[in-house]
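See structure below.
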Amino acid sequence: NPDVECLVQSVTHGELVDDLWPALFARRHMKDEELNPLQLQALWQGRLEDEFAEATVIGTTAVALKLLGKADTQEAAHQMADGYWQNRNRQRLPG
């Protein structure tokens, strides 16, 4: 559904700013009813494949990068966040 967007609101120079980010998927995903921290560890290490979880990490990182001024556009922020994810230290969270 192309009408699904994420509204990110922030305050910049004392003014409220609305920034609409596009949906990452054509269809809606639902998170698990119960979150298991061990799944995050497995995702981080590459032992678990979950497109929704990965997109959540990358998308959230992209929003943070743009808000911090590390990227000028949503696309640049997303590319930077994806690069961080692809080059992460997978051994950082030992099992």
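Residue numbering restarts at 1 in every chain; chains get A, B, ... in the order shown in the structure tokens, and ligands count up from 1 in that same order.
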
Within 12 Å of segment 40-50 of chain A, counting only C-alpha atoms, which residues qualify if same-chain residues fewer than 3 places away don't, as a ChimeraX atom specification? /A:29-32,35-37,53-58,84-95

From chain A, collect each residue whose DSSP state is strand (DSSP E or B) and return the set as an MDAnalysis selection string. chainID A and resid 5:12 15:22

Just-selected residues, all heavy atoms written as a short mmCIF file (atom, residue, chain, number, x, y, z; two decimals), in the first residue's frame:
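Written out: out25.cif:
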```
data_model
loop_
_atom_site.label_atom_id
_atom_site.label_comp_id
_atom_site.auth_asym_id
_atom_site.auth_seq_id
_atom_site.Cartn_x
_atom_site.Cartn_y
_atom_site.Cartn_z
N GLU A 5 2.82 5.61 5.27
CA GLU A 5 4.04 6.36 5.50
C GLU A 5 4.30 6.43 6.99
O GLU A 5 3.42 6.14 7.80
CB GLU A 5 3.91 7.78 4.94
CG GLU A 5 3.72 7.83 3.44
CD GLU A 5 3.44 9.23 2.94
OE1 GLU A 5 2.73 9.98 3.62
OE2 GLU A 5 3.94 9.55 1.85
N CYS A 6 5.49 6.84 7.34
CA CYS A 6 5.86 7.02 8.74
C CYS A 6 6.11 8.50 8.96
O CYS A 6 6.97 9.10 8.31
CB CYS A 6 7.11 6.21 9.05
SG CYS A 6 7.71 6.43 10.73
N LEU A 7 5.37 9.10 9.87
CA LEU A 7 5.54 10.50 10.20
C LEU A 7 6.57 10.62 11.32
O LEU A 7 6.39 10.06 12.40
CB LEU A 7 4.22 11.13 10.64
CG LEU A 7 4.29 12.56 11.17
CD1 LEU A 7 4.79 13.52 10.08
CD2 LEU A 7 2.93 12.99 11.70
N VAL A 8 7.65 11.34 11.03
CA VAL A 8 8.68 11.61 12.04
C VAL A 8 8.58 13.09 12.36
O VAL A 8 8.72 13.93 11.49
CB VAL A 8 10.08 11.25 11.50
CG1 VAL A 8 11.15 11.65 12.52
CG2 VAL A 8 10.17 9.77 11.17
N GLN A 9 8.33 13.39 13.61
CA GLN A 9 8.24 14.78 14.05
C GLN A 9 9.45 15.12 14.90
O GLN A 9 9.88 14.32 15.73
CB GLN A 9 6.96 15.02 14.85
CG GLN A 9 5.71 14.86 14.02
CD GLN A 9 4.45 15.16 14.80
OE1 GLN A 9 4.27 14.68 15.91
NE2 GLN A 9 3.59 15.98 14.22
N SER A 10 9.99 16.30 14.66
CA SER A 10 11.14 16.75 15.43
C SER A 10 11.05 18.26 15.61
O SER A 10 10.23 18.92 14.97
CB SER A 10 12.45 16.37 14.72
OG SER A 10 12.52 17.01 13.46
N VAL A 11 11.89 18.77 16.46
CA VAL A 11 11.98 20.21 16.66
C VAL A 11 13.35 20.65 16.16
O VAL A 11 14.38 20.16 16.62
CB VAL A 11 11.79 20.59 18.14
CG1 VAL A 11 11.98 22.09 18.34
CG2 VAL A 11 10.41 20.15 18.62
N THR A 12 13.33 21.55 15.18
CA THR A 12 14.57 22.07 14.61
C THR A 12 14.55 23.59 14.71
O THR A 12 13.62 24.23 14.21
CB THR A 12 14.70 21.63 13.13
OG1 THR A 12 14.62 20.21 13.06
CG2 THR A 12 16.02 22.10 12.54
N GLU A 15 11.31 25.02 15.88
CA GLU A 15 10.09 24.81 15.08
C GLU A 15 9.81 23.33 14.91
O GLU A 15 10.72 22.53 14.70
CB GLU A 15 10.24 25.45 13.70
CG GLU A 15 10.32 26.96 13.75
CD GLU A 15 10.27 27.57 12.36
OE1 GLU A 15 9.68 26.95 11.46
OE2 GLU A 15 10.80 28.67 12.20
N LEU A 16 8.52 22.98 14.99
CA LEU A 16 8.10 21.61 14.78
C LEU A 16 8.23 21.27 13.29
O LEU A 16 7.75 22.01 12.43
CB LEU A 16 6.65 21.40 15.22
CG LEU A 16 6.09 19.99 15.06
CD1 LEU A 16 6.85 19.00 15.93
CD2 LEU A 16 4.61 19.96 15.40
N VAL A 17 8.90 20.16 13.00
CA VAL A 17 9.11 19.73 11.62
C VAL A 17 8.48 18.35 11.45
O VAL A 17 8.72 17.44 12.24
CB VAL A 17 10.62 19.65 11.29
CG1 VAL A 17 10.85 19.10 9.90
CG2 VAL A 17 11.28 21.01 11.46
N ASP A 18 7.64 18.23 10.42
CA ASP A 18 7.05 16.94 10.04
C ASP A 18 7.82 16.40 8.85
O ASP A 18 8.00 17.11 7.85
CB ASP A 18 5.58 17.09 9.65
CG ASP A 18 4.69 17.41 10.84
OD1 ASP A 18 5.13 17.23 11.98
OD2 ASP A 18 3.54 17.82 10.60
N ASP A 19 8.28 15.17 8.94
CA ASP A 19 9.02 14.55 7.86
C ASP A 19 8.36 13.20 7.57
O ASP A 19 8.36 12.32 8.43
CB ASP A 19 10.48 14.36 8.29
CG ASP A 19 11.43 14.10 7.14
OD1 ASP A 19 11.01 14.22 5.97
OD2 ASP A 19 12.61 13.80 7.42
N LEU A 20 7.80 13.04 6.39
CA LEU A 20 7.16 11.78 6.01
C LEU A 20 8.17 10.87 5.35
O LEU A 20 8.83 11.25 4.38
CB LEU A 20 5.99 12.03 5.05
CG LEU A 20 4.74 12.63 5.66
CD1 LEU A 20 3.70 12.91 4.57
CD2 LEU A 20 4.15 11.68 6.69
N TRP A 21 8.30 9.68 5.89
CA TRP A 21 9.20 8.67 5.34
C TRP A 21 8.34 7.62 4.64
O TRP A 21 7.29 7.22 5.18
CB TRP A 21 10.03 8.03 6.44
CG TRP A 21 11.08 8.93 6.99
CD1 TRP A 21 10.89 10.08 7.68
CD2 TRP A 21 12.49 8.76 6.88
NE1 TRP A 21 12.10 10.64 8.01
CE2 TRP A 21 13.09 9.85 7.54
CE3 TRP A 21 13.30 7.80 6.30
CZ2 TRP A 21 14.47 9.99 7.62
CZ3 TRP A 21 14.67 7.95 6.38
CH2 TRP A 21 15.25 9.04 7.04
N PRO A 22 8.75 7.14 3.48
CA PRO A 22 7.95 6.15 2.76
C PRO A 22 7.96 4.79 3.46
O PRO A 22 8.89 4.47 4.20
CB PRO A 22 8.64 6.06 1.39
CG PRO A 22 10.04 6.47 1.65
CD PRO A 22 9.98 7.49 2.77
#
```
